[in-house]
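Note sheet for the following structure.
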Amino acid sequence: MSEALQSLLDLLDLERIEEDIYRGHSRSAVVPRVFGGQVAAQALVAAGRTVPADRHAHSLHAYFLRPGDPGAPIVYNVDRLRDGRSFTTRRVVAVQHGKPIFGLSASFQTYEEGLEHQAPMPPAPDPETLPTGEERLRSYPHLPADTVERFIEARAAVDLRYVDDPPFGDFGSPREPHSQVWFRTNGKLADDPLLHVVLATYVSDMTLLDSVLLAHGRGGWAVGDVVGASLDHAMWFHRPFRADEWLLYDQQSPSASGGRGLGQARIYTQDGRLALSVIQEGVVRVPRER
């Protein structure tokens, strides 16, 4: 296991303060606020620790309410909304400086047999044939060196490989609002199903709005031609998967308007099983000229 992945796992291992109350800390991010994927993953950890081990997360719905302060701890308060025969529901509120910064509802279910179908996996190249995230980042001379290093540090726990140039690599002209990324953790994980769901939640916030930027030829926060932040985030966990094995994140944007952009995606295992669906809306604004 890489040192960066172990550091991330330590970050997600929340401190229990009291029954249904947990405390977490933050790490450096590309932008000067708490990374949204981190607070979502930590909130899901808090929820999962109040649920029986035989019930696995099948969905989450979340709102980002305020920017998080990376220099202050985050307190996660869990409400036990429902414990049914098949489903368990939890609500989590993340608090900093006495104010909520994030809210999450998550549902867990016992395993059961049922109807089966799925959308087919789209074509994508073998991830092993693609440049690593670090290799691709260092290949763009227009990116400031400190920006490149911040990206590399923030993503060091994950092997994340773009199929095509990301928005910050090739911008200026609109492209199809479709992006594909292969990812897996930089090291093996334990067999705990919640851990794999949590790691996928963490990564899911890294690139989902890229397709919005592609549609308008924008490079994004890395080059400063837009400003933005995640507003809400939803995920459905369809089938078991491992976050330490290759997953294809197939992303697209059906709409942008009103200073907001919508991204939607499906995540497939390398052998073609549809594991997750993801939708996120974010603020995507063009900076005003002074």
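In the structure tokens, chains take the letters A, B, ... in the order shown, each chain's residues start at 1, and ligands count up from 1 in the order shown.
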Inset, instruction - Within 8 Å of A:Arg260, counting only C-alpha atoms, which residues show up once you throw out same-chain ones fewer than 2 positions away? Write them as a PyMOL selection string, please. - result: chain A and resi 256-258+262+281-285
Go ahead and save the residues from that selection, with N, CA, C and O atoms, as a compact mmCIF listing (two decimals), in the first residue's frame.
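Result file is result14.txt:
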```txt
# COMPACT_ATOMS: atom_id res chain seq x y z
N ALA A 256 -26.28 22.76 -18.85
CA ALA A 256 -25.71 23.83 -18.02
C ALA A 256 -26.56 25.06 -18.23
O ALA A 256 -26.90 25.41 -19.37
N SER A 257 -26.93 25.72 -17.14
CA SER A 257 -27.72 26.95 -17.23
C SER A 257 -27.76 27.59 -15.85
O SER A 257 -27.53 26.93 -14.84
N GLY A 258 -28.02 28.90 -15.84
CA GLY A 258 -28.19 29.59 -14.56
C GLY A 258 -26.97 29.58 -13.67
O GLY A 258 -27.10 29.66 -12.44
N LEU A 262 -24.67 20.35 -14.81
CA LEU A 262 -25.04 19.02 -14.33
C LEU A 262 -24.14 17.97 -14.96
O LEU A 262 -23.93 17.95 -16.18
N GLU A 281 -24.68 18.26 -9.41
CA GLU A 281 -24.80 19.61 -9.97
C GLU A 281 -23.83 20.51 -9.22
O GLU A 281 -23.63 20.36 -8.01
N GLY A 282 -23.22 21.42 -9.96
CA GLY A 282 -22.28 22.33 -9.34
C GLY A 282 -22.42 23.74 -9.87
O GLY A 282 -22.97 23.96 -10.96
N VAL A 283 -21.95 24.69 -9.11
CA VAL A 283 -21.81 26.06 -9.59
C VAL A 283 -20.66 26.09 -10.59
O VAL A 283 -19.57 25.60 -10.31
N VAL A 284 -20.92 26.62 -11.77
CA VAL A 284 -19.88 26.78 -12.79
C VAL A 284 -20.07 28.18 -13.38
O VAL A 284 -20.95 28.41 -14.20
N ARG A 285 -19.25 29.11 -12.94
CA ARG A 285 -19.39 30.51 -13.34
C ARG A 285 -18.14 30.99 -14.07
O ARG A 285 -17.02 30.62 -13.72
```
Inset, instruction - List every residue of stretch 109-165 of chain A that DSSP, applied to the backbone of this structure, places in helix (DSSP H, G or I), and write the result as a PyMOL selection string. - result: chain A and resi 127-129+133-138+145-154
Inset, instruction - Go through A:Ser7, A:Val212, A:Ser179, A:Gln109 one by one, measure the shortest atom-to-atom distance of each to A:Trp236 using only C-alpha atoms, and give the residue with the smallest value. - result: A:Gln109
Legend entry - Within 12 Å of stretch 21-27 of chain A using only C-alpha atoms, minus same-chain residues under 2 positions, as a PyMOL selection string: chain A and resi 4+7-19+29-50+68-80+91-96+150+153-155
Inset, instruction - Output as a PyMOL selection string all residues of stretch 153-206 of chain A that backbone DSSP marks as strand (DSSP E or B). - result: chain A and resi 158-162+178-185
What would the file look like if the residues just selected were written as a PDB file, in the first residue's frame with N, CA and C atoms?
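Final file, part20.pdb:
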```pdb
ATOM      1  N   VAL A 158      -4.714   7.764  -5.413  1.00  0.00           N
ATOM      2  CA  VAL A 158      -5.533   7.145  -6.455  1.00  0.00           C
ATOM      3  C   VAL A 158      -4.758   7.141  -7.770  1.00  0.00           C
ATOM      4  N   ASP A 159      -4.799   6.019  -8.469  1.00  0.00           N
ATOM      5  CA  ASP A 159      -4.271   5.927  -9.834  1.00  0.00           C
ATOM      6  C   ASP A 159      -5.424   6.310 -10.755  1.00  0.00           C
ATOM      7  N   LEU A 160      -5.408   7.535 -11.251  1.00  0.00           N
ATOM      8  CA  LEU A 160      -6.512   8.089 -12.034  1.00  0.00           C
ATOM      9  C   LEU A 160      -6.005   8.432 -13.430  1.00  0.00           C
ATOM     10  N   ARG A 161      -6.573   7.790 -14.452  1.00  0.00           N
ATOM     11  CA  ARG A 161      -6.064   7.933 -15.809  1.00  0.00           C
ATOM     12  C   ARG A 161      -7.168   8.385 -16.767  1.00  0.00           C
ATOM     13  N   TYR A 162      -6.993   9.569 -17.332  1.00  0.00           N
ATOM     14  CA  TYR A 162      -7.931  10.086 -18.326  1.00  0.00           C
ATOM     15  C   TYR A 162      -7.762   9.335 -19.645  1.00  0.00           C
ATOM     16  N   HIS A 178     -18.381  14.777 -22.839  1.00  0.00           N
ATOM     17  CA  HIS A 178     -18.245  13.380 -22.433  1.00  0.00           C
ATOM     18  C   HIS A 178     -16.798  13.134 -22.020  1.00  0.00           C
ATOM     19  N   SER A 179     -16.620  12.531 -20.877  1.00  0.00           N
ATOM     20  CA  SER A 179     -15.278  12.271 -20.364  1.00  0.00           C
ATOM     21  C   SER A 179     -15.226  10.870 -19.764  1.00  0.00           C
ATOM     22  N   GLN A 180     -14.105  10.189 -19.967  1.00  0.00           N
ATOM     23  CA  GLN A 180     -13.897   8.882 -19.363  1.00  0.00           C
ATOM     24  C   GLN A 180     -12.598   8.881 -18.560  1.00  0.00           C
ATOM     25  N   VAL A 181     -12.677   8.287 -17.387  1.00  0.00           N
ATOM     26  CA  VAL A 181     -11.523   8.165 -16.502  1.00  0.00           C
ATOM     27  C   VAL A 181     -11.507   6.752 -15.924  1.00  0.00           C
ATOM     28  N   TRP A 182     -10.365   6.100 -15.957  1.00  0.00           N
ATOM     29  CA  TRP A 182     -10.168   4.863 -15.207  1.00  0.00           C
ATOM     30  C   TRP A 182      -9.551   5.220 -13.858  1.00  0.00           C
ATOM     31  N   PHE A 183      -9.974   4.548 -12.793  1.00  0.00           N
ATOM     32  CA  PHE A 183      -9.333   4.790 -11.495  1.00  0.00           C
ATOM     33  C   PHE A 183      -9.340   3.537 -10.633  1.00  0.00           C
ATOM     34  N   ARG A 184      -8.369   3.502  -9.713  1.00  0.00           N
ATOM     35  CA  ARG A 184      -8.287   2.513  -8.653  1.00  0.00           C
ATOM     36  C   ARG A 184      -7.376   3.088  -7.582  1.00  0.00           C
ATOM     37  N   THR A 185      -7.459   2.581  -6.384  1.00  0.00           N
ATOM     38  CA  THR A 185      -6.577   3.066  -5.332  1.00  0.00           C
ATOM     39  C   THR A 185      -5.155   2.596  -5.583  1.00  0.00           C
TER      40      THR A 185
END
```
Given only C-alpha atoms, how would the per-residue table for stretch 125-219 of chain A near stretch 55-63 of chain A read, listing every residue at most 9 Å away with its closest atom pair and distance in Å to one decimal, sorted by chain and number, as a tab-separated table?
```
residue	atom	partner	partner_atom	distance
A:Pro193	CA	A:His56	CA	7.3
A:Leu194	CA	A:His56	CA	6.9
A:Val197	CA	A:Ala57	CA	7.5
```
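Closest approach to A:Arg138 among A:Ala265, A:Ile279, A:Ala157, A:Gly169 is made by A:Gly169 (distances from only C-alpha atoms).
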Legend entry - A:Gly172 environment, 12 Å, only C-alpha atoms, sequence neighbours closer than 5 positions dropped, as a list of chain:residue names: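 Within the cut-off, the hits are A:Pro167, A:Leu213, A:Leu214, A:Ala215, A:His216, A:Gly217, A:Arg218, A:Gly219, A:Gly220, A:Val223, A:Asp225.
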Requested write-out: N, CA, C and O atoms of the selected residues, as a short mmCIF file (atom, residue, chain, number, x, y, z; two decimals), in the first residue's frame:
```cif
data_model
loop_
_atom_site.label_atom_id
_atom_site.label_comp_id
_atom_site.auth_asym_id
_atom_site.auth_seq_id
_atom_site.Cartn_x
_atom_site.Cartn_y
_atom_site.Cartn_z
N PRO A 167 -10.12 18.73 -19.29
CA PRO A 167 -10.38 20.12 -19.67
C PRO A 167 -9.16 21.03 -19.53
O PRO A 167 -8.91 21.88 -20.39
N LEU A 213 -17.32 21.44 -18.43
CA LEU A 213 -16.27 22.32 -18.94
C LEU A 213 -15.96 22.03 -20.40
O LEU A 213 -15.75 22.94 -21.20
N LEU A 214 -15.94 20.74 -20.75
CA LEU A 214 -15.63 20.36 -22.12
C LEU A 214 -16.62 20.97 -23.11
O LEU A 214 -16.24 21.40 -24.20
N ALA A 215 -17.88 21.01 -22.74
CA ALA A 215 -18.92 21.52 -23.64
C ALA A 215 -18.70 22.99 -24.00
O ALA A 215 -19.20 23.46 -25.03
N HIS A 216 -17.93 23.71 -23.18
CA HIS A 216 -17.75 25.15 -23.40
C HIS A 216 -16.28 25.52 -23.63
O HIS A 216 -15.94 26.70 -23.64
N GLY A 217 -15.43 24.52 -23.79
CA GLY A 217 -14.03 24.80 -24.07
C GLY A 217 -13.31 25.47 -22.91
O GLY A 217 -12.35 26.21 -23.13
N ARG A 218 -13.75 25.19 -21.71
CA ARG A 218 -13.15 25.80 -20.52
C ARG A 218 -12.16 24.84 -19.87
O ARG A 218 -12.37 23.63 -19.83
N GLY A 219 -11.08 25.40 -19.33
CA GLY A 219 -10.06 24.58 -18.69
C GLY A 219 -10.33 24.29 -17.24
O GLY A 219 -9.79 23.33 -16.68
N GLY A 220 -11.17 25.12 -16.62
CA GLY A 220 -11.55 24.86 -15.23
C GLY A 220 -10.70 25.57 -14.21
O GLY A 220 -9.93 26.48 -14.50
N VAL A 223 -6.86 26.35 -14.48
CA VAL A 223 -6.35 27.47 -15.29
C VAL A 223 -7.09 28.77 -14.99
O VAL A 223 -6.74 29.82 -15.54
N ASP A 225 -10.27 29.81 -15.62
CA ASP A 225 -11.25 30.43 -16.51
C ASP A 225 -12.69 30.14 -16.10
O ASP A 225 -13.64 30.53 -16.78
#
```
Inset, instruction - For atom CA of A:Arg175 and atom CA of A:Ser211, determine how far apart the two atoms are, in Å to one decimal place. - result: 8.8 Å
Legend entry - Selected residue of minimal separation from A:Trp221 among A:Val198, A:Thr147, A:Gly84, A:Pro240, counting only C-alpha atoms: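 The shortest atom-to-atom distance to A:Trp221 comes from A:Thr147.
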Inset, instruction - Pick out the residues sitting within 12 Å of A:Arg85, and hand them over as a PyMOL selection string; count only C-alpha atoms, and ignore anything fewer than 4 positions along from it in its own chain. - result: chain A and resi 52+54-55+89+108-112
Could you save those same residues with C-alpha atoms as a compact mmCIF listing (two decimals), in the first residue's frame?
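And here's selection.txt as it stands now:
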```txt
# COMPACT_ATOMS: atom_id res chain seq x y z
CA PRO A 52 -25.32 -3.53 11.10
CA ASP A 54 -24.91 -7.18 6.96
CA ARG A 55 -26.51 -4.02 5.50
CA THR A 89 -31.67 5.02 6.73
CA PHE A 108 -28.45 0.62 3.50
CA GLN A 109 -30.03 -2.71 2.57
CA THR A 110 -29.67 -6.39 3.42
CA TYR A 111 -28.76 -8.57 0.42
CA GLU A 112 -31.66 -10.04 -1.54
```
